[in-house]
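This is data-v9.csv. It holds CSV, C-alpha atoms and all ligand atoms.
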```
chain,number,residue,atom,x,y,z
G,1,MET,CA,-1.8,-31.3,-13.8
G,2,PRO,CA,1.7,-32.7,-13.2
G,3,LEU,CA,2.4,-32.5,-9.5
G,4,ASP,CA,6.1,-31.8,-10.0
G,5,ARG,CA,5.7,-28.5,-11.6
G,6,SER,CA,6.6,-25.1,-10.0
G,7,ILE,CA,5.3,-21.7,-10.9
G,8,THR,CA,7.6,-18.7,-10.5
G,9,VAL,CA,6.5,-15.0,-10.7
G,10,ARG,CA,8.5,-11.8,-10.5
G,11,ALA,CA,6.6,-9.5,-8.1
G,12,PRO,CA,7.4,-5.8,-8.5
G,13,ALA,CA,7.8,-3.1,-5.8
G,14,LYS,CA,5.8,0.1,-5.9
G,15,VAL,CA,6.5,3.8,-5.4
G,16,ASN,CA,3.8,6.2,-4.4
G,17,LEU,CA,3.9,9.2,-6.7
G,18,GLN,CA,1.1,10.7,-4.6
G,19,LEU,CA,0.3,9.8,-1.0
G,20,THR,CA,-2.3,12.2,0.5
G,21,VAL,CA,-3.4,11.2,3.9
G,22,GLY,CA,-7.0,12.0,5.1
G,23,GLY,CA,-8.5,11.4,8.5
G,24,ARG,CA,-8.6,8.2,10.5
G,25,ARG,CA,-11.7,6.1,10.1
G,26,SER,CA,-13.4,4.2,12.9
G,27,ASP,CA,-11.8,0.9,11.6
G,28,GLY,CA,-8.4,2.4,12.3
G,29,TYR,CA,-7.3,3.0,8.7
G,30,HIS,CA,-6.6,6.4,7.2
G,31,GLU,CA,-8.4,7.6,4.1
G,32,LEU,CA,-5.8,7.9,1.4
G,33,ALA,CA,-5.5,9.2,-2.1
G,34,SER,CA,-2.6,7.3,-3.6
G,35,VAL,CA,-1.0,7.1,-7.1
G,36,PHE,CA,1.0,3.9,-7.3
G,37,LEU,CA,3.7,3.1,-9.9
G,38,ALA,CA,5.1,-0.5,-10.2
G,39,VAL,CA,8.9,-0.4,-10.6
G,40,SER,CA,11.5,-2.9,-11.7
G,41,LEU,CA,12.7,-4.0,-8.2
G,42,PHE,CA,11.4,-7.6,-8.0
G,43,ASP,CA,11.1,-10.4,-5.5
G,44,ARG,CA,10.8,-13.9,-7.2
G,45,VAL,CA,8.0,-16.0,-5.7
G,46,THR,CA,8.0,-19.7,-6.5
G,47,VAL,CA,5.2,-22.1,-5.5
G,48,THR,CA,5.7,-25.9,-5.6
G,49,PRO,CA,3.3,-28.6,-4.6
G,50,ALA,CA,4.2,-30.0,-1.2
G,51,GLU,CA,2.8,-32.1,1.7
G,52,GLN,CA,1.9,-28.9,3.6
G,53,LEU,CA,2.3,-25.1,3.4
G,54,GLY,CA,5.8,-24.0,4.1
G,55,VAL,CA,7.9,-20.9,3.4
G,56,THR,CA,11.6,-20.5,2.7
G,57,LEU,CA,13.6,-17.3,1.9
G,58,SER,CA,16.8,-16.3,0.1
G,59,GLY,CA,18.1,-13.1,-1.3
G,60,PRO,CA,19.9,-9.9,-0.1
G,61,THR,CA,16.8,-8.5,1.8
G,62,SER,CA,15.5,-11.7,3.3
G,63,GLY,CA,16.9,-11.1,6.8
G,64,GLY,CA,14.3,-10.9,9.5
G,65,VAL,CA,11.4,-11.7,7.2
G,66,PRO,CA,9.2,-14.4,8.9
G,67,ALA,CA,9.4,-17.9,7.3
G,68,ASP,CA,6.2,-19.1,8.9
G,69,ALA,CA,2.4,-18.7,8.6
G,70,SER,CA,2.7,-15.0,9.3
G,71,ASN,CA,4.5,-14.4,6.1
G,72,LEU,CA,2.1,-12.4,3.8
G,73,ALA,CA,2.7,-14.9,0.9
G,74,ALA,CA,1.6,-17.8,3.2
G,75,GLN,CA,-1.5,-15.9,4.2
G,76,ALA,CA,-2.3,-15.3,0.5
G,77,VAL,CA,-2.0,-19.1,-0.2
G,78,GLU,CA,-4.3,-19.9,2.7
G,79,LEU,CA,-6.9,-17.3,1.6
G,80,LEU,CA,-6.9,-18.4,-2.0
G,81,ALA,CA,-7.2,-22.1,-0.9
G,82,GLU,CA,-10.1,-21.2,1.3
G,83,VAL,CA,-12.1,-19.4,-1.3
G,84,SER,CA,-11.3,-21.9,-4.1
G,85,GLY,CA,-11.6,-25.1,-2.1
G,86,ALA,CA,-8.0,-26.1,-3.0
G,87,GLU,CA,-5.6,-27.6,-0.5
G,88,PRO,CA,-3.0,-25.0,0.6
G,89,ALA,CA,-0.4,-27.7,0.2
G,90,VAL,CA,2.4,-25.7,-1.4
G,91,HIS,CA,5.9,-24.7,-0.6
G,92,VAL,CA,6.5,-21.0,-1.2
G,93,HIS,CA,10.0,-19.8,-1.8
G,94,ILE,CA,10.7,-16.0,-1.9
G,95,ASP,CA,13.9,-14.7,-3.3
G,96,LYS,CA,13.9,-11.3,-1.7
G,97,HIS,CA,15.4,-8.2,-3.3
G,98,ILE,CA,12.8,-5.5,-2.3
G,99,PRO,CA,13.8,-3.6,0.8
G,100,VAL,CA,11.9,-4.7,3.9
G,101,GLN,CA,10.0,-2.0,5.9
G,102,GLY,CA,11.1,0.2,3.0
G,103,GLY,CA,7.7,1.7,2.0
G,104,MET,CA,7.8,-0.2,-1.3
G,105,ALA,CA,5.2,-2.8,-0.3
G,106,GLY,CA,7.6,-5.8,-0.5
G,107,GLY,CA,5.4,-8.0,1.6
G,108,SER,CA,2.3,-7.1,-0.4
G,109,ALA,CA,4.2,-7.9,-3.6
G,110,ASP,CA,5.0,-11.3,-2.3
G,111,ALA,CA,1.4,-11.9,-1.3
G,112,ALA,CA,0.2,-10.7,-4.8
G,113,GLY,CA,2.8,-13.0,-6.4
G,114,ALA,CA,1.6,-16.0,-4.4
G,115,LEU,CA,-2.0,-15.3,-5.4
G,116,VAL,CA,-1.0,-15.1,-9.1
G,117,ALA,CA,1.3,-18.2,-8.9
G,118,CYS,CA,-1.3,-20.4,-7.1
G,119,ASN,CA,-4.1,-19.3,-9.4
G,120,THR,CA,-1.9,-20.8,-12.2
G,121,LEU,CA,-0.7,-23.8,-10.2
G,122,TRP,CA,-4.2,-24.8,-9.2
G,123,ASN,CA,-5.7,-24.0,-12.7
G,124,LEU,CA,-8.3,-21.7,-11.0
G,125,GLY,CA,-8.7,-19.4,-13.9
G,126,MET,CA,-9.5,-16.4,-11.7
G,127,SER,CA,-9.2,-13.0,-13.5
G,128,ARG,CA,-6.8,-10.4,-12.4
G,129,HIS,CA,-9.8,-8.3,-11.3
G,130,ASP,CA,-11.1,-11.2,-9.0
G,131,LEU,CA,-7.6,-11.7,-7.6
G,132,ALA,CA,-7.2,-8.0,-6.9
G,133,SER,CA,-10.6,-7.9,-5.1
G,134,LEU,CA,-9.6,-10.9,-2.9
G,135,ALA,CA,-6.2,-9.3,-2.3
G,136,ALA,CA,-7.8,-6.4,-0.4
G,137,GLU,CA,-8.4,-8.9,2.5
G,138,LEU,CA,-4.7,-9.3,2.9
G,139,GLY,CA,-3.7,-5.6,3.0
G,140,SER,CA,-4.2,-2.2,1.4
G,141,ASP,CA,-1.3,-2.5,-1.0
G,142,VAL,CA,-1.9,-6.1,-2.2
G,143,PRO,CA,-4.5,-5.3,-4.9
G,144,PHE,CA,-2.1,-3.0,-6.6
G,145,GLY,CA,0.6,-5.7,-6.3
G,146,VAL,CA,-1.7,-7.9,-8.3
G,147,LEU,CA,-2.4,-5.3,-11.1
G,148,GLY,CA,1.0,-3.6,-11.5
G,149,GLY,CA,1.4,-0.7,-14.0
G,150,ALA,CA,0.0,2.5,-12.5
G,151,ALA,CA,-3.2,3.1,-10.6
G,152,PHE,CA,-5.0,5.6,-8.4
G,153,GLY,CA,-6.1,4.1,-5.1
G,154,SER,CA,-8.8,5.5,-2.8
G,155,GLY,CA,-10.4,4.3,0.4
G,156,ARG,CA,-7.4,2.9,2.3
G,157,GLY,CA,-5.6,2.6,-1.0
G,158,GLU,CA,-7.2,-0.7,-2.1
G,159,ARG,CA,-10.0,0.7,-4.4
G,160,LEU,CA,-8.1,1.0,-7.7
G,161,THR,CA,-8.5,2.8,-11.0
G,162,PRO,CA,-5.8,2.0,-13.6
G,163,LEU,CA,-3.9,5.0,-14.9
G,164,THR,CA,-2.3,5.7,-18.3
G,165,VAL,CA,1.4,6.3,-18.3
G,166,GLY,CA,2.9,8.1,-21.3
G,167,THR,CA,6.6,7.0,-21.0
G,168,THR,CA,9.0,4.9,-19.0
G,169,HIS,CA,10.4,6.8,-16.0
G,170,HIS,CA,13.9,6.2,-14.5
G,171,TRP,CA,14.4,5.9,-10.8
G,172,VAL,CA,17.1,5.5,-8.1
G,173,PHE,CA,16.1,3.9,-4.8
G,174,ALA,CA,18.3,4.7,-1.9
G,175,THR,CA,17.7,2.0,0.7
G,176,ALA,CA,18.3,2.6,4.4
G,177,ALA,CA,20.1,0.4,6.9
G,178,PHE,CA,17.0,0.5,9.1
G,179,GLY,CA,13.3,-0.1,8.5
G,180,MET,CA,10.2,2.1,9.3
G,181,SER,CA,7.0,0.7,10.8
G,182,THR,CA,4.0,1.8,8.7
G,183,PRO,CA,1.6,1.8,11.7
G,184,GLU,CA,4.1,3.9,13.7
G,185,VAL,CA,4.4,6.5,10.9
G,186,PHE,CA,0.6,6.8,10.6
G,187,ALA,CA,0.3,7.1,14.4
G,188,ALA,CA,2.9,9.9,14.5
G,189,THR,CA,1.1,11.7,11.7
G,190,GLU,CA,-2.1,11.6,13.6
G,191,SER,CA,-0.5,12.7,16.9
G,192,GLY,CA,1.1,15.6,15.1
G,193,ARG,CA,-2.3,16.7,13.9
G,194,ARG,CA,-3.9,16.3,17.3
G,195,ASN,CA,-1.0,18.2,19.0
G,196,ALA,CA,-1.4,21.0,16.5
G,197,GLY,CA,-5.1,21.2,17.3
G,198,LEU,CA,-6.0,20.1,13.8
G,199,PRO,CA,-8.9,17.7,12.9
G,200,TRP,CA,-7.7,14.1,12.6
G,201,ALA,CA,-10.9,11.9,12.3
G,202,ALA,CA,-12.2,10.9,8.9
G,203,ASP,CA,-15.5,12.7,9.4
G,204,ALA,CA,-13.7,16.0,10.2
G,205,VAL,CA,-11.0,15.9,7.5
G,206,PRO,CA,-11.9,16.5,3.9
G,207,SER,CA,-11.6,13.3,1.8
G,208,PRO,CA,-8.2,13.3,0.1
G,209,ARG,CA,-8.4,13.6,-3.7
G,210,MET,CA,-6.5,12.5,-6.7
G,211,SER,CA,-4.0,15.1,-7.9
G,212,ARG,CA,-5.2,16.0,-11.4
G,213,ARG,CA,-1.9,17.7,-12.2
G,214,LEU,CA,0.0,14.5,-11.3
G,215,VAL,CA,-2.3,12.2,-13.3
G,216,ASP,CA,-2.0,14.5,-16.4
G,217,ALA,CA,1.8,14.6,-16.0
G,218,LEU,CA,1.9,10.9,-15.8
G,219,ALA,CA,-0.1,10.5,-19.0
G,220,GLY,CA,2.4,12.8,-20.7
G,221,ASP,CA,5.9,12.0,-21.7
G,222,ASP,CA,8.0,14.4,-19.6
G,223,SER,CA,9.7,13.2,-16.4
G,224,HIS,CA,10.4,16.9,-15.5
G,225,ALA,CA,6.7,17.7,-15.4
G,226,LEU,CA,6.0,14.6,-13.4
G,227,ALA,CA,8.8,15.5,-10.9
G,228,GLU,CA,7.0,18.8,-10.1
G,229,THR,CA,3.9,17.0,-9.0
G,230,LEU,CA,5.2,14.2,-6.6
G,231,VAL,CA,3.8,14.5,-3.1
G,232,ASN,CA,4.0,12.4,0.0
G,233,ASP,CA,2.2,13.7,3.2
G,234,LEU,CA,4.1,11.2,5.3
G,235,GLU,CA,7.5,12.6,4.3
G,236,PRO,CA,7.8,15.4,7.0
G,237,VAL,CA,6.9,12.8,9.6
G,238,VAL,CA,9.4,10.2,8.3
G,239,THR,CA,12.2,12.8,8.2
G,240,ARG,CA,11.4,14.0,11.7
G,241,LEU,CA,11.5,10.4,13.0
G,242,ARG,CA,14.7,9.7,11.0
G,243,PRO,CA,16.5,13.1,10.4
G,244,GLU,CA,19.4,11.3,8.6
G,245,LEU,CA,17.0,10.8,5.6
G,246,ALA,CA,17.2,14.5,4.9
G,247,ALA,CA,20.8,14.1,4.0
G,248,THR,CA,19.9,11.3,1.6
G,249,LEU,CA,17.3,13.5,-0.1
G,250,ALA,CA,19.7,16.4,-0.4
G,251,THR,CA,22.4,14.2,-1.9
G,252,GLY,CA,20.2,12.7,-4.6
G,253,ARG,CA,18.7,16.1,-5.5
G,254,GLY,CA,22.2,17.7,-5.5
G,255,ALA,CA,23.4,15.0,-7.9
G,256,GLY,CA,20.9,15.8,-10.6
G,257,ALA,CA,17.7,14.0,-9.7
G,258,LEU,CA,14.6,15.8,-10.9
G,259,ALA,CA,12.9,15.1,-7.5
G,260,GLY,CA,13.4,13.1,-4.4
G,261,ILE,CA,10.6,11.6,-2.4
G,262,VAL,CA,10.3,9.3,0.6
G,263,CYS,CA,8.7,6.0,-0.5
G,264,GLY,CA,5.4,5.5,1.3
G,265,SER,CA,6.1,5.3,5.0
G,266,GLY,CA,9.9,5.0,4.5
G,267,ALA,CA,12.6,4.2,4.9
G,268,THR,CA,13.6,4.0,1.2
G,269,VAL,CA,14.0,7.3,-0.7
G,270,GLY,CA,13.2,7.4,-4.4
G,271,PHE,CA,14.7,9.8,-6.9
G,272,LEU,CA,13.2,10.5,-10.3
G,273,ALA,CA,15.9,10.9,-13.0
G,274,PRO,CA,15.6,12.4,-16.5
G,275,ASP,CA,17.2,9.3,-18.1
G,276,ARG,CA,19.0,6.1,-17.3
G,277,HIS,CA,22.4,7.6,-17.7
G,278,ARG,CA,21.6,10.4,-15.1
G,279,ALA,CA,20.1,7.7,-12.8
G,280,GLN,CA,23.4,5.9,-12.8
G,281,ALA,CA,25.2,9.1,-11.8
G,282,VAL,CA,22.7,9.8,-9.0
G,283,ALA,CA,23.2,6.3,-7.7
G,284,GLU,CA,27.0,6.6,-7.8
G,285,ALA,CA,26.8,9.9,-5.9
G,286,LEU,CA,24.5,8.4,-3.3
G,287,ARG,CA,26.8,5.4,-2.8
G,288,ALA,CA,29.8,7.6,-2.5
G,289,SER,CA,28.1,9.9,0.1
G,290,GLY,CA,27.5,7.2,2.7
G,291,THR,CA,24.0,8.6,3.3
G,292,CYS,CA,22.3,5.3,2.4
G,293,ALA,CA,23.0,1.6,2.6
G,294,ALA,CA,22.6,0.9,-1.1
G,295,ALA,CA,21.4,2.7,-4.2
G,296,ARG,CA,19.6,0.8,-6.9
G,297,ILE,CA,18.4,1.8,-10.4
G,298,ALA,CA,14.9,0.9,-11.6
G,299,HIS,CA,12.3,2.0,-14.1
G,300,GLY,CA,8.5,2.0,-14.2
G,301,PRO,CA,5.9,1.2,-15.0
G,302,VAL,CA,6.2,-2.5,-15.1
G,303,GLN,CA,3.4,-5.1,-15.2
G,304,GLY,CA,2.2,-7.1,-12.3
G,305,PRO,CA,3.3,-10.7,-11.5
G,306,GLU,CA,3.2,-13.0,-14.5
G,307,PRO,CA,3.8,-16.7,-14.2
G,308,GLU,CA,6.8,-18.4,-15.8
G,309,GLU,CA,6.4,-22.2,-15.6
G,310,THR,CA,9.4,-24.3,-14.6
G,311,ASP,CA,9.7,-28.0,-14.0
G,312,THR,CA,11.5,-29.4,-10.9
G,313,THR,CA,14.9,-29.1,-12.7
G,314,GLY,CA,14.4,-25.4,-12.6
G,315,GLU,CA,14.4,-25.1,-16.4
G,316,THR,CA,11.9,-23.1,-18.3
G,317,PRO,CA,10.1,-25.3,-20.8
G,401,LIG,P1,4.2,-0.9,3.0
G,401,LIG,O1,4.9,0.0,2.0
G,401,LIG,O2,3.1,-1.8,2.3
G,401,LIG,O3,3.7,-0.2,4.2
G,401,LIG,P2,6.8,-1.9,3.7
G,401,LIG,O4,7.4,-2.1,2.4
G,401,LIG,O5,7.2,-0.7,4.5
G,401,LIG,O6,5.2,-2.0,3.5
G,401,LIG,P3,7.2,-4.7,4.1
G,401,LIG,O7,8.6,-4.9,3.7
G,401,LIG,O8,6.2,-5.0,3.1
G,401,LIG,O9,7.0,-3.2,4.6
G,401,LIG,O10,6.9,-5.5,5.4
G,401,LIG,C1,6.6,-5.0,6.7
G,401,LIG,C2,6.6,-6.2,7.7
G,401,LIG,O11,5.8,-7.3,7.3
G,401,LIG,C3,8.0,-6.8,7.9
G,401,LIG,O12,8.7,-6.2,8.9
G,401,LIG,C4,7.8,-8.3,8.1
G,401,LIG,O13,7.8,-8.6,9.5
G,401,LIG,C5,6.3,-8.5,7.7
G,401,LIG,N1,6.3,-9.5,6.5
G,401,LIG,C6,5.4,-10.5,6.4
G,401,LIG,N2,5.6,-11.1,5.2
G,401,LIG,C7,6.6,-10.5,4.5
G,401,LIG,C8,7.2,-10.6,3.3
G,401,LIG,N3,6.8,-11.6,2.4
G,401,LIG,N4,8.1,-9.8,3.0
G,401,LIG,C9,8.5,-8.8,3.8
G,401,LIG,N5,7.9,-8.6,5.0
G,401,LIG,C10,7.0,-9.4,5.4
```

Please express the file's structure as structure tokens.
Amino acid sequence: MPLDRSITVRAPAKVNLQLTVGGRRSDGYHELASVFLAVSLFDRVTVTPAEQLGVTLSGPTSGGVPADASNLAAQAVELLAEVSGAEPAVHVHIDKHIPVQGGMAGGSADAAGALVACNTLWNLGMSRHDLASLAAELGSDVPFGVLGGAAFGSGRGERLTPLTVGTTHHWVFATAAFGMSTPEVFAATESGRRNAGLPWAADAVPSPRMSRRLVDALAGDDSHALAETLVNDLEPVVTRLRPELAATLATGRGAGALAGIVCGSGATVGFLAPDRHRAQAVAEALRASGTCAAARIAHGPVQGPEPEETDTTGETP
């Protein structure tokens, strides 16, 4: 293996088409029923052999992301090195475009990208399935980051079943000037249930189930039908914590989106559009409204991270 080669992957963000939250388990995680769709907002993750593990960042959303061993991509390198017997001697560079604390699993995408890139760099020959199993140790959303496409996730979202998608769907993502902490949003969801006298523990709440309507609509070719099925149990909590997101939702819906939904635990808001042309109009209306920091167009599904090999001059062979 030439030591001067680098491996770069494009790691996609996800949007939850369904996010149904069950009770809290004794390990602290909530039971989830989640339908993930990988969309064309990408971070680029490059791994290069180096004397020791290091992380650097660039890109419009890199501010505040840790460039040390706590970065999820660095943790992924350490884990893969540990299980494979390789030395974690790589430099990881992340060119960040996915919103941070945006509910689009950007950190998980980077971890998944680092797993796929190091699997190639170190010639490990691990299958996607094996990498996805390992990924669950890094976080609930990392296995889906490895697979891409669309999938149903149960457990804490890490047990995946790939789903069929009948057509490409067009999206607008309105990013916020602030982030939302996933643990805080789940904690607020639980305290809301407790305060209302509702059951909150996993053994008292029925297990959340996959939405058959949604999965059938996803397998079809009609974005209108899919729009009617989108559901995120965290949305009322997120908009209570950040009431300004209600204006973002109203703006996108009013501009012709088929549906608007908070992405995961926020703070990004996603809008499903009937086509690319209408997505552009929705994005322009959102930008003009001042109800978001930026509005970006994307489509999905897209595949998970795939290696593109470069030499040290940065040229693709
Ligand atoms: P999710 O949807 O999975 O709950 P999120 O999209 O809301 O996650 P992320 O952007 O993935 O949130 O990251 C949350 C926190 O993780 C950040 O505040 C940051 O401190 C930390 N972090 C660690 N590594 C990364 C990374 N590579 N990219 C972004 N954040 C990272």

Enumerate as a ChimeraX atom specification the residues within 9 Å of ligand LIG 401 (chain G), counting all atoms listed in the file.
/G:13-16,57,61-62,64-75,94,96,98-111,139-142,179-183,263-268

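For the pair atom CA of Val205 of chain G and atom CA of Thr164 of chain G, the interatomic distance is 29.1 Å.
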
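Atom CA of Pro208 of chain G sits 6.5 Å away from atom CA of Val21 of chain G.
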
Restricting to only C-alpha atoms, whichever of G:Thr120, G:Thr20, G:Thr248, G:Gln52 is closest to Ser34 of chain G is G:Thr20

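Using all atoms listed in the file, the shortest contact distance between Ala177 of chain G and any of G:Arg253, G:Arg242, G:Arg209, G:Arg128 is found at G:Arg242.
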
Quick one: residues within 9 Å of segment 280-283 of chain G, only C-alpha atoms counted, chain neighbours fewer than 4 positions away excluded, as a ChimeraX atom specification?
/G:172-174,251-257,271,273,275-276,287-288,294-297

Please report the interatomic distance between atom CA of Val165 of chain G and atom CA of Val116 of chain G in Å with one decimal.
23.4 Å
